[in-house]
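Colleague: So here's model-v5.txt (compact mmCIF, N, CA and C atoms).
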```
# COMPACT_ATOMS: atom_id res chain seq x y z
N MET O 1354 -29.21 -26.44 4.88
CA MET O 1354 -27.97 -25.69 5.01
C MET O 1354 -27.40 -25.45 3.61
N TYR O 1355 -26.98 -24.21 3.34
CA TYR O 1355 -26.34 -23.85 2.08
C TYR O 1355 -24.85 -24.10 2.19
N SER O 1356 -24.28 -24.65 1.14
CA SER O 1356 -22.85 -24.90 1.11
C SER O 1356 -22.34 -24.71 -0.31
N VAL O 1357 -21.18 -24.08 -0.44
CA VAL O 1357 -20.54 -23.95 -1.74
C VAL O 1357 -19.06 -24.26 -1.56
N ARG O 1358 -18.51 -25.03 -2.50
CA ARG O 1358 -17.12 -25.45 -2.43
C ARG O 1358 -16.37 -24.93 -3.64
N PHE O 1359 -15.11 -24.60 -3.41
CA PHE O 1359 -14.24 -24.14 -4.48
C PHE O 1359 -12.94 -24.93 -4.42
N SER O 1360 -12.51 -25.41 -5.57
CA SER O 1360 -11.23 -26.10 -5.65
C SER O 1360 -10.10 -25.08 -5.58
N TYR O 1361 -9.01 -25.49 -4.93
CA TYR O 1361 -7.82 -24.65 -4.89
C TYR O 1361 -7.28 -24.49 -6.32
N LYS O 1362 -6.50 -23.44 -6.52
CA LYS O 1362 -5.84 -23.22 -7.80
C LYS O 1362 -4.34 -23.39 -7.60
N CYS O 1363 -3.69 -23.88 -8.62
CA CYS O 1363 -2.25 -24.09 -8.55
C CYS O 1363 -1.54 -22.84 -9.05
N ARG O 1364 -0.71 -22.26 -8.21
CA ARG O 1364 0.12 -21.11 -8.57
C ARG O 1364 1.56 -21.51 -8.33
N GLY O 1365 2.32 -21.55 -9.41
CA GLY O 1365 3.66 -22.12 -9.29
C GLY O 1365 3.49 -23.60 -9.07
N ASN O 1366 4.02 -24.11 -8.00
CA ASN O 1366 3.81 -25.51 -7.62
C ASN O 1366 3.03 -25.63 -6.32
N ILE O 1367 2.30 -24.57 -5.97
CA ILE O 1367 1.59 -24.54 -4.70
C ILE O 1367 0.09 -24.43 -4.95
N TRP O 1368 -0.68 -25.25 -4.25
CA TRP O 1368 -2.14 -25.20 -4.33
C TRP O 1368 -2.65 -24.25 -3.26
N ILE O 1369 -3.41 -23.23 -3.66
CA ILE O 1369 -3.89 -22.22 -2.71
C ILE O 1369 -5.38 -21.94 -2.92
N PRO O 1370 -6.06 -21.49 -1.85
CA PRO O 1370 -7.50 -21.25 -1.93
C PRO O 1370 -7.84 -19.92 -2.61
N ILE O 1371 -7.86 -19.94 -3.91
CA ILE O 1371 -8.27 -18.77 -4.69
C ILE O 1371 -9.65 -19.09 -5.27
N ILE O 1372 -10.61 -18.19 -5.01
CA ILE O 1372 -11.98 -18.45 -5.43
C ILE O 1372 -12.51 -17.29 -6.28
N PRO O 1373 -13.56 -17.55 -7.06
CA PRO O 1373 -14.22 -16.46 -7.76
C PRO O 1373 -15.15 -15.72 -6.80
N ILE O 1374 -15.20 -14.42 -6.92
CA ILE O 1374 -16.10 -13.59 -6.12
C ILE O 1374 -16.60 -12.47 -7.03
N THR O 1375 -17.86 -12.13 -6.89
CA THR O 1375 -18.43 -11.07 -7.70
C THR O 1375 -18.55 -9.81 -6.86
N LEU O 1376 -18.05 -8.70 -7.38
CA LEU O 1376 -18.16 -7.39 -6.74
C LEU O 1376 -19.15 -6.55 -7.55
N PHE O 1377 -19.95 -5.75 -6.87
CA PHE O 1377 -20.98 -4.97 -7.53
C PHE O 1377 -20.73 -3.48 -7.35
N GLY O 1378 -20.74 -2.75 -8.46
CA GLY O 1378 -20.72 -1.30 -8.44
C GLY O 1378 -22.14 -0.79 -8.56
N LYS O 1379 -22.30 0.49 -8.88
CA LYS O 1379 -23.64 1.05 -9.00
C LYS O 1379 -24.39 0.49 -10.20
N LYS O 1380 -23.70 0.33 -11.32
CA LYS O 1380 -24.35 -0.16 -12.53
C LYS O 1380 -23.66 -1.37 -13.14
N LYS O 1381 -22.55 -1.77 -12.58
CA LYS O 1381 -21.77 -2.87 -13.14
C LYS O 1381 -21.44 -3.89 -12.07
N LYS O 1382 -21.17 -5.10 -12.52
CA LYS O 1382 -20.64 -6.12 -11.63
C LYS O 1382 -19.42 -6.73 -12.29
N LEU O 1383 -18.55 -7.28 -11.47
CA LEU O 1383 -17.29 -7.81 -11.98
C LEU O 1383 -16.93 -9.06 -11.20
N GLU O 1384 -16.66 -10.15 -11.92
CA GLU O 1384 -16.18 -11.35 -11.25
C GLU O 1384 -14.67 -11.34 -11.26
N VAL O 1385 -14.10 -11.47 -10.08
CA VAL O 1385 -12.65 -11.48 -9.91
C VAL O 1385 -12.28 -12.69 -9.07
N GLU O 1386 -11.00 -12.93 -8.94
CA GLU O 1386 -10.54 -14.00 -8.06
C GLU O 1386 -9.89 -13.40 -6.83
N ALA O 1387 -10.00 -14.12 -5.71
CA ALA O 1387 -9.39 -13.65 -4.47
C ALA O 1387 -8.88 -14.84 -3.67
N TYR O 1388 -7.76 -14.62 -3.00
CA TYR O 1388 -7.16 -15.61 -2.11
C TYR O 1388 -7.90 -15.56 -0.78
N VAL O 1389 -8.47 -16.68 -0.36
CA VAL O 1389 -9.19 -16.75 0.92
C VAL O 1389 -8.15 -16.76 2.03
N ASP O 1390 -8.07 -15.66 2.79
CA ASP O 1390 -7.00 -15.46 3.76
C ASP O 1390 -7.58 -15.35 5.17
N SER O 1391 -7.56 -16.45 5.91
CA SER O 1391 -8.11 -16.44 7.27
C SER O 1391 -7.27 -15.58 8.21
N GLY O 1392 -6.09 -15.18 7.81
CA GLY O 1392 -5.24 -14.31 8.62
C GLY O 1392 -5.45 -12.84 8.35
N ALA O 1393 -6.26 -12.51 7.35
CA ALA O 1393 -6.52 -11.11 7.00
C ALA O 1393 -7.84 -10.66 7.62
N THR O 1394 -7.81 -9.52 8.27
CA THR O 1394 -9.04 -8.99 8.83
C THR O 1394 -9.94 -8.46 7.72
N TYR O 1395 -9.38 -7.62 6.85
CA TYR O 1395 -10.15 -7.01 5.77
C TYR O 1395 -9.82 -7.64 4.42
N SER O 1396 -10.78 -7.57 3.52
CA SER O 1396 -10.55 -7.94 2.12
C SER O 1396 -9.90 -6.75 1.44
N ILE O 1397 -8.84 -7.00 0.68
CA ILE O 1397 -8.15 -5.93 -0.03
C ILE O 1397 -8.01 -6.34 -1.50
N PHE O 1398 -8.48 -5.46 -2.38
CA PHE O 1398 -8.46 -5.73 -3.81
C PHE O 1398 -7.63 -4.68 -4.53
N GLU O 1399 -7.17 -5.05 -5.73
CA GLU O 1399 -6.41 -4.13 -6.57
C GLU O 1399 -7.25 -2.89 -6.88
N PHE O 1400 -6.62 -1.74 -6.87
CA PHE O 1400 -7.28 -0.46 -7.05
C PHE O 1400 -7.96 -0.33 -8.42
N GLU O 1401 -7.41 -0.97 -9.46
CA GLU O 1401 -7.96 -0.87 -10.81
C GLU O 1401 -9.39 -1.39 -10.89
N ILE O 1402 -9.77 -2.27 -9.98
CA ILE O 1402 -11.12 -2.82 -9.97
C ILE O 1402 -12.15 -1.71 -9.76
N LEU O 1403 -11.78 -0.69 -8.98
CA LEU O 1403 -12.69 0.45 -8.76
C LEU O 1403 -13.08 1.10 -10.08
N LYS O 1404 -12.11 1.27 -10.96
CA LYS O 1404 -12.39 1.88 -12.27
C LYS O 1404 -13.33 1.02 -13.08
N ASP O 1405 -13.10 -0.29 -13.06
CA ASP O 1405 -13.96 -1.21 -13.80
C ASP O 1405 -15.39 -1.20 -13.27
N LEU O 1406 -15.55 -1.02 -11.96
CA LEU O 1406 -16.88 -0.98 -11.35
C LEU O 1406 -17.49 0.41 -11.36
N ASN O 1407 -16.69 1.41 -11.74
CA ASN O 1407 -17.14 2.80 -11.77
C ASN O 1407 -17.61 3.27 -10.38
N ILE O 1408 -16.79 2.97 -9.37
CA ILE O 1408 -17.08 3.38 -8.00
C ILE O 1408 -16.25 4.61 -7.67
N ASP O 1409 -16.91 5.63 -7.17
CA ASP O 1409 -16.24 6.86 -6.77
C ASP O 1409 -15.79 6.74 -5.32
N MET O 1410 -14.49 6.87 -5.09
CA MET O 1410 -13.95 6.74 -3.74
C MET O 1410 -13.45 8.07 -3.19
N SER O 1411 -13.80 9.18 -3.84
CA SER O 1411 -13.26 10.48 -3.44
C SER O 1411 -13.65 10.87 -2.01
N ASP O 1412 -14.78 10.39 -1.52
CA ASP O 1412 -15.20 10.72 -0.16
C ASP O 1412 -14.85 9.65 0.87
N SER O 1413 -14.20 8.57 0.43
CA SER O 1413 -13.89 7.49 1.36
C SER O 1413 -12.65 7.82 2.18
N LYS O 1414 -12.55 7.19 3.33
CA LYS O 1414 -11.42 7.42 4.21
C LYS O 1414 -10.31 6.42 3.91
N GLU O 1415 -9.08 6.90 3.98
CA GLU O 1415 -7.94 6.04 3.75
C GLU O 1415 -7.43 5.47 5.07
N TYR O 1416 -7.12 4.18 5.06
CA TYR O 1416 -6.58 3.48 6.22
C TYR O 1416 -5.23 2.89 5.86
N MET O 1417 -4.45 2.59 6.87
CA MET O 1417 -3.18 1.89 6.66
C MET O 1417 -3.36 0.45 7.15
N PHE O 1418 -2.99 -0.50 6.30
CA PHE O 1418 -3.12 -1.92 6.62
C PHE O 1418 -1.74 -2.56 6.71
N VAL O 1419 -1.58 -3.44 7.70
CA VAL O 1419 -0.35 -4.20 7.83
C VAL O 1419 -0.45 -5.40 6.90
N VAL O 1420 0.59 -5.63 6.11
CA VAL O 1420 0.61 -6.78 5.22
C VAL O 1420 1.59 -7.83 5.74
N GLY O 1421 1.67 -8.96 5.04
CA GLY O 1421 2.42 -10.13 5.51
C GLY O 1421 3.84 -9.89 5.94
N ASP O 1422 4.54 -8.95 5.29
CA ASP O 1422 5.95 -8.72 5.66
C ASP O 1422 6.10 -7.69 6.78
N GLY O 1423 4.98 -7.22 7.35
CA GLY O 1423 5.02 -6.27 8.45
C GLY O 1423 4.97 -4.81 8.01
N SER O 1424 5.04 -4.57 6.72
CA SER O 1424 4.97 -3.19 6.24
C SER O 1424 3.50 -2.74 6.15
N PHE O 1425 3.31 -1.46 5.91
CA PHE O 1425 1.97 -0.89 5.83
C PHE O 1425 1.69 -0.45 4.40
N ILE O 1426 0.42 -0.62 3.98
CA ILE O 1426 -0.01 -0.10 2.68
C ILE O 1426 -1.27 0.73 2.89
N PRO O 1427 -1.42 1.81 2.12
CA PRO O 1427 -2.65 2.60 2.21
C PRO O 1427 -3.76 1.94 1.39
N ALA O 1428 -4.99 2.03 1.88
CA ALA O 1428 -6.14 1.49 1.16
C ALA O 1428 -7.39 2.28 1.56
N LYS O 1429 -8.32 2.35 0.63
CA LYS O 1429 -9.60 3.00 0.89
C LYS O 1429 -10.66 1.93 1.04
N VAL O 1430 -11.53 2.10 2.06
CA VAL O 1430 -12.54 1.09 2.39
C VAL O 1430 -13.92 1.60 2.04
N ILE O 1431 -14.73 0.72 1.46
CA ILE O 1431 -16.11 1.04 1.13
C ILE O 1431 -16.95 -0.22 1.33
N GLU O 1432 -18.21 -0.04 1.73
CA GLU O 1432 -19.15 -1.16 1.82
C GLU O 1432 -19.79 -1.33 0.46
N ILE O 1433 -19.63 -2.53 -0.12
CA ILE O 1433 -20.24 -2.81 -1.41
C ILE O 1433 -20.88 -4.20 -1.40
N PRO O 1434 -21.82 -4.44 -2.30
CA PRO O 1434 -22.37 -5.80 -2.41
C PRO O 1434 -21.32 -6.74 -3.02
N VAL O 1435 -21.24 -7.94 -2.45
CA VAL O 1435 -20.37 -8.99 -2.96
C VAL O 1435 -21.19 -10.28 -3.05
N GLN O 1436 -20.70 -11.19 -3.85
CA GLN O 1436 -21.39 -12.47 -3.98
C GLN O 1436 -20.38 -13.60 -4.02
N ILE O 1437 -20.62 -14.60 -3.16
CA ILE O 1437 -19.83 -15.82 -3.14
C ILE O 1437 -20.81 -16.96 -3.39
N GLY O 1438 -20.61 -17.70 -4.46
CA GLY O 1438 -21.59 -18.72 -4.83
C GLY O 1438 -22.90 -18.02 -5.13
N GLU O 1439 -23.96 -18.45 -4.48
CA GLU O 1439 -25.28 -17.83 -4.66
C GLU O 1439 -25.59 -16.80 -3.58
N GLN O 1440 -24.70 -16.64 -2.61
CA GLN O 1440 -24.95 -15.73 -1.48
C GLN O 1440 -24.47 -14.32 -1.81
N LYS O 1441 -25.40 -13.36 -1.82
CA LYS O 1441 -25.07 -11.96 -2.06
C LYS O 1441 -25.32 -11.18 -0.77
N PHE O 1442 -24.36 -10.34 -0.40
CA PHE O 1442 -24.45 -9.57 0.84
C PHE O 1442 -23.52 -8.36 0.72
N THR O 1443 -23.61 -7.46 1.67
CA THR O 1443 -22.77 -6.27 1.68
C THR O 1443 -21.62 -6.48 2.68
N ALA O 1444 -20.42 -6.06 2.25
CA ALA O 1444 -19.25 -6.23 3.11
C ALA O 1444 -18.28 -5.07 2.90
N PRO O 1445 -17.47 -4.77 3.92
CA PRO O 1445 -16.44 -3.75 3.73
C PRO O 1445 -15.30 -4.32 2.88
N VAL O 1446 -14.92 -3.57 1.86
CA VAL O 1446 -13.84 -4.00 0.98
C VAL O 1446 -12.87 -2.84 0.83
N ALA O 1447 -11.59 -3.14 0.97
CA ALA O 1447 -10.54 -2.13 0.80
C ALA O 1447 -9.96 -2.26 -0.60
N PHE O 1448 -9.54 -1.13 -1.14
CA PHE O 1448 -8.89 -1.09 -2.45
C PHE O 1448 -7.57 -0.35 -2.31
N SER O 1449 -6.50 -0.93 -2.85
CA SER O 1449 -5.19 -0.32 -2.70
C SER O 1449 -4.38 -0.39 -3.99
N GLU O 1450 -3.66 0.68 -4.25
CA GLU O 1450 -2.72 0.71 -5.38
C GLU O 1450 -1.41 0.03 -5.01
N LYS O 1451 -1.22 -0.28 -3.74
CA LYS O 1451 0.05 -0.83 -3.25
C LYS O 1451 -0.06 -2.29 -2.82
N LEU O 1452 -1.11 -2.99 -3.19
CA LEU O 1452 -1.28 -4.37 -2.74
C LEU O 1452 -0.11 -5.24 -3.21
N ASN O 1453 0.17 -5.27 -4.48
CA ASN O 1453 1.37 -5.88 -5.05
C ASN O 1453 1.72 -7.28 -4.55
N VAL O 1454 0.73 -8.14 -4.35
CA VAL O 1454 1.02 -9.52 -3.97
C VAL O 1454 0.64 -10.50 -5.08
N GLY O 1455 0.09 -10.00 -6.16
CA GLY O 1455 -0.24 -10.86 -7.29
C GLY O 1455 -1.66 -11.40 -7.28
N PHE O 1456 -2.40 -11.13 -6.21
CA PHE O 1456 -3.79 -11.54 -6.16
C PHE O 1456 -4.52 -10.69 -5.13
N ASN O 1457 -5.85 -10.67 -5.22
CA ASN O 1457 -6.69 -9.98 -4.24
C ASN O 1457 -6.80 -10.85 -2.99
N LEU O 1458 -7.07 -10.22 -1.86
CA LEU O 1458 -7.19 -10.94 -0.59
C LEU O 1458 -8.62 -10.88 -0.07
N LEU O 1459 -9.15 -12.03 0.28
CA LEU O 1459 -10.50 -12.11 0.86
C LEU O 1459 -10.35 -12.35 2.35
N GLY O 1460 -10.59 -11.31 3.16
CA GLY O 1460 -10.42 -11.39 4.60
C GLY O 1460 -11.69 -11.75 5.34
N ARG O 1461 -11.61 -11.77 6.66
CA ARG O 1461 -12.71 -12.25 7.51
C ARG O 1461 -13.84 -11.25 7.67
N LYS O 1462 -13.54 -9.97 7.90
CA LYS O 1462 -14.57 -8.99 8.27
C LYS O 1462 -15.63 -8.86 7.17
N GLY O 1463 -16.86 -9.13 7.55
CA GLY O 1463 -17.99 -9.01 6.63
C GLY O 1463 -18.13 -10.17 5.67
N ILE O 1464 -17.12 -11.00 5.55
CA ILE O 1464 -17.16 -12.15 4.63
C ILE O 1464 -17.35 -13.43 5.43
N PHE O 1465 -16.39 -13.78 6.25
CA PHE O 1465 -16.49 -15.01 7.04
C PHE O 1465 -17.71 -14.94 7.97
N GLU O 1466 -18.01 -13.74 8.46
CA GLU O 1466 -19.14 -13.55 9.37
C GLU O 1466 -20.48 -13.87 8.71
N GLU O 1467 -20.53 -13.83 7.40
CA GLU O 1467 -21.76 -14.09 6.66
C GLU O 1467 -22.08 -15.59 6.61
N PHE O 1468 -21.10 -16.41 6.91
CA PHE O 1468 -21.26 -17.86 6.84
C PHE O 1468 -21.10 -18.48 8.23
N GLN O 1469 -21.71 -19.64 8.41
CA GLN O 1469 -21.58 -20.36 9.67
C GLN O 1469 -20.16 -20.90 9.82
N GLU O 1470 -19.62 -21.41 8.70
CA GLU O 1470 -18.28 -21.99 8.71
C GLU O 1470 -17.57 -21.71 7.39
N VAL O 1471 -16.28 -21.51 7.49
CA VAL O 1471 -15.40 -21.49 6.32
C VAL O 1471 -14.36 -22.58 6.61
N ILE O 1472 -14.37 -23.63 5.78
CA ILE O 1472 -13.57 -24.81 6.06
C ILE O 1472 -12.51 -24.99 4.98
N PHE O 1473 -11.26 -25.04 5.41
CA PHE O 1473 -10.16 -25.30 4.49
C PHE O 1473 -9.87 -26.79 4.52
N LYS O 1474 -10.04 -27.46 3.40
CA LYS O 1474 -9.80 -28.90 3.29
C LYS O 1474 -8.54 -29.11 2.48
N GLU O 1475 -7.42 -29.15 3.16
CA GLU O 1475 -6.13 -29.20 2.50
C GLU O 1475 -5.93 -30.47 1.67
N LYS O 1476 -6.31 -31.61 2.20
CA LYS O 1476 -6.11 -32.86 1.45
C LYS O 1476 -6.94 -32.89 0.17
N GLN O 1477 -8.14 -32.33 0.22
CA GLN O 1477 -9.00 -32.30 -0.97
C GLN O 1477 -8.72 -31.08 -1.85
N ARG O 1478 -7.87 -30.19 -1.33
CA ARG O 1478 -7.54 -28.94 -2.03
C ARG O 1478 -8.80 -28.15 -2.38
N GLU O 1479 -9.59 -27.91 -1.33
CA GLU O 1479 -10.79 -27.11 -1.53
C GLU O 1479 -11.14 -26.32 -0.28
N VAL O 1480 -11.89 -25.25 -0.48
CA VAL O 1480 -12.41 -24.46 0.63
C VAL O 1480 -13.93 -24.46 0.50
N GLU O 1481 -14.58 -24.60 1.65
CA GLU O 1481 -16.04 -24.69 1.66
C GLU O 1481 -16.62 -23.58 2.53
N PHE O 1482 -17.66 -22.93 2.02
CA PHE O 1482 -18.39 -21.91 2.75
C PHE O 1482 -19.77 -22.48 3.08
N ARG O 1483 -20.10 -22.58 4.39
CA ARG O 1483 -21.39 -23.13 4.83
C ARG O 1483 -22.20 -22.07 5.54
N LYS O 1484 -23.50 -22.12 5.28
CA LYS O 1484 -24.42 -21.18 5.93
C LYS O 1484 -25.59 -21.94 6.50
```
Represent the structure contained in this file as structure tokens.

Modeller:
Amino acid sequence: MYSVRFSYKCRGNIWIPIIPITLFGKKKKLEVEAYVDSGATYSIFEFEILKDLNIDMSDSKEYMFVVGDGSFIPAKVIEIPVQIGEQKFTAPVAFSEKLNVGFNLLGRKGIFEEFQEVIFKEKQREVEFRK
């Protein structure tokens, strides 16, 4: 069984599950951080990452996503290769200019489904991905 663990990061005085994740464009890859959000259906990343990856989104469809405060933000969704630990796979990822929460969000669709378990260990301040 494959397993990878990530320690929580301290933001302010709060320990939260922020992990490194690699996103792949056509010719570039970029390691970014994302908050592991079991309450989010889709992963949503800052729009500027698209420029860094040189991904063209002109033909992608825009969707409206509900965020934590109940408001809606527009985002464009594309299937791209992602990597968590040593596991590389393709997942739908949304990009939005209106995310404005201070970090990227790693949601369930296409991500959690790739693993047998995603375990939040609050006392140890770590999140584990098992396959």

Colleague: Using only C-alpha atoms, which of the listed residues (O:Leu1458, O:Val1446, O:Ile1437, O:Ile1397) sits closest to O:Ser1413?

Modeller: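 The answer is O:Val1446, which sits nearest to O:Ser1413.
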
Colleague: So how many Å separate atom CA of O:Gly1421 and atom CA of O:Gly1460, to one decimal?

Modeller: 12.9 Å

Colleague: Name the residues of stretch 1398-1470 of chain O that come out as strand (DSSP E or B) in a backbone DSSP run; write them as a PyMOL selection string.

Modeller: chain O and resi 1398-1399+1415-1419+1425-1437+1440-1449+1457-1459+1470

Colleague: Counting only N, CA and C atoms, which of O:Asp1422, O:Ile1372, O:Lys1484, O:Phe1377 gets nearest to O:Phe1468?

Modeller: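 The shortest atom-to-atom distance to O:Phe1468 comes from O:Lys1484.
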
Colleague: Any idea what the distance is between atom CA of O:Asp1409 and atom CA of O:Gln1436?

Modeller: 20.2 Å

Colleague: Select all residues near (-9.9, 1.8, -8.9) (cut-off 12 Å, inclusive, file coordinates), counting only C-alpha atoms, and output them as a short mmCIF file (atom, residue, chain, number, x, y, z; two decimals) with N, CA and C atoms, in the coordinates of the input.

Modeller:
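Produced file out_26.cif, reproduced below:
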```
data_model
loop_
_atom_site.label_atom_id
_atom_site.label_comp_id
_atom_site.auth_asym_id
_atom_site.auth_seq_id
_atom_site.Cartn_x
_atom_site.Cartn_y
_atom_site.Cartn_z
N GLY O 1378 -20.74 -2.75 -8.46
CA GLY O 1378 -20.72 -1.30 -8.44
C GLY O 1378 -22.14 -0.79 -8.56
N ILE O 1397 -8.84 -7.00 0.68
CA ILE O 1397 -8.15 -5.93 -0.03
C ILE O 1397 -8.01 -6.34 -1.50
N PHE O 1398 -8.48 -5.46 -2.38
CA PHE O 1398 -8.46 -5.73 -3.81
C PHE O 1398 -7.63 -4.68 -4.53
N GLU O 1399 -7.17 -5.05 -5.73
CA GLU O 1399 -6.41 -4.13 -6.57
C GLU O 1399 -7.25 -2.89 -6.88
N PHE O 1400 -6.62 -1.74 -6.87
CA PHE O 1400 -7.28 -0.46 -7.05
C PHE O 1400 -7.96 -0.33 -8.42
N GLU O 1401 -7.41 -0.97 -9.46
CA GLU O 1401 -7.96 -0.87 -10.81
C GLU O 1401 -9.39 -1.39 -10.89
N ILE O 1402 -9.77 -2.27 -9.98
CA ILE O 1402 -11.12 -2.82 -9.97
C ILE O 1402 -12.15 -1.71 -9.76
N LEU O 1403 -11.78 -0.69 -8.98
CA LEU O 1403 -12.69 0.45 -8.76
C LEU O 1403 -13.08 1.10 -10.08
N LYS O 1404 -12.11 1.27 -10.96
CA LYS O 1404 -12.39 1.88 -12.27
C LYS O 1404 -13.33 1.02 -13.08
N ASP O 1405 -13.10 -0.29 -13.06
CA ASP O 1405 -13.96 -1.21 -13.80
C ASP O 1405 -15.39 -1.20 -13.27
N LEU O 1406 -15.55 -1.02 -11.96
CA LEU O 1406 -16.88 -0.98 -11.35
C LEU O 1406 -17.49 0.41 -11.36
N ASN O 1407 -16.69 1.41 -11.74
CA ASN O 1407 -17.14 2.80 -11.77
C ASN O 1407 -17.61 3.27 -10.38
N ILE O 1408 -16.79 2.97 -9.37
CA ILE O 1408 -17.08 3.38 -8.00
C ILE O 1408 -16.25 4.61 -7.67
N ASP O 1409 -16.91 5.63 -7.17
CA ASP O 1409 -16.24 6.86 -6.77
C ASP O 1409 -15.79 6.74 -5.32
N MET O 1410 -14.49 6.87 -5.09
CA MET O 1410 -13.95 6.74 -3.74
C MET O 1410 -13.45 8.07 -3.19
N SER O 1411 -13.80 9.18 -3.84
CA SER O 1411 -13.26 10.48 -3.44
C SER O 1411 -13.65 10.87 -2.01
N ALA O 1428 -4.99 2.03 1.88
CA ALA O 1428 -6.14 1.49 1.16
C ALA O 1428 -7.39 2.28 1.56
N LYS O 1429 -8.32 2.35 0.63
CA LYS O 1429 -9.60 3.00 0.89
C LYS O 1429 -10.66 1.93 1.04
N VAL O 1430 -11.53 2.10 2.06
CA VAL O 1430 -12.54 1.09 2.39
C VAL O 1430 -13.92 1.60 2.04
N ILE O 1431 -14.73 0.72 1.46
CA ILE O 1431 -16.11 1.04 1.13
C ILE O 1431 -16.95 -0.22 1.33
N ALA O 1447 -11.59 -3.14 0.97
CA ALA O 1447 -10.54 -2.13 0.80
C ALA O 1447 -9.96 -2.26 -0.60
N PHE O 1448 -9.54 -1.13 -1.14
CA PHE O 1448 -8.89 -1.09 -2.45
C PHE O 1448 -7.57 -0.35 -2.31
N SER O 1449 -6.50 -0.93 -2.85
CA SER O 1449 -5.19 -0.32 -2.70
C SER O 1449 -4.38 -0.39 -3.99
N GLU O 1450 -3.66 0.68 -4.25
CA GLU O 1450 -2.72 0.71 -5.38
C GLU O 1450 -1.41 0.03 -5.01
N LYS O 1451 -1.22 -0.28 -3.74
CA LYS O 1451 0.05 -0.83 -3.25
C LYS O 1451 -0.06 -2.29 -2.82
#
```

Colleague: Nearest to O:Glu1467: which of O:Arg1483, O:Gly1423, O:Val1357, O:Ile1371 is it, counting only N, CA and C atoms?

Modeller: O:Arg1483
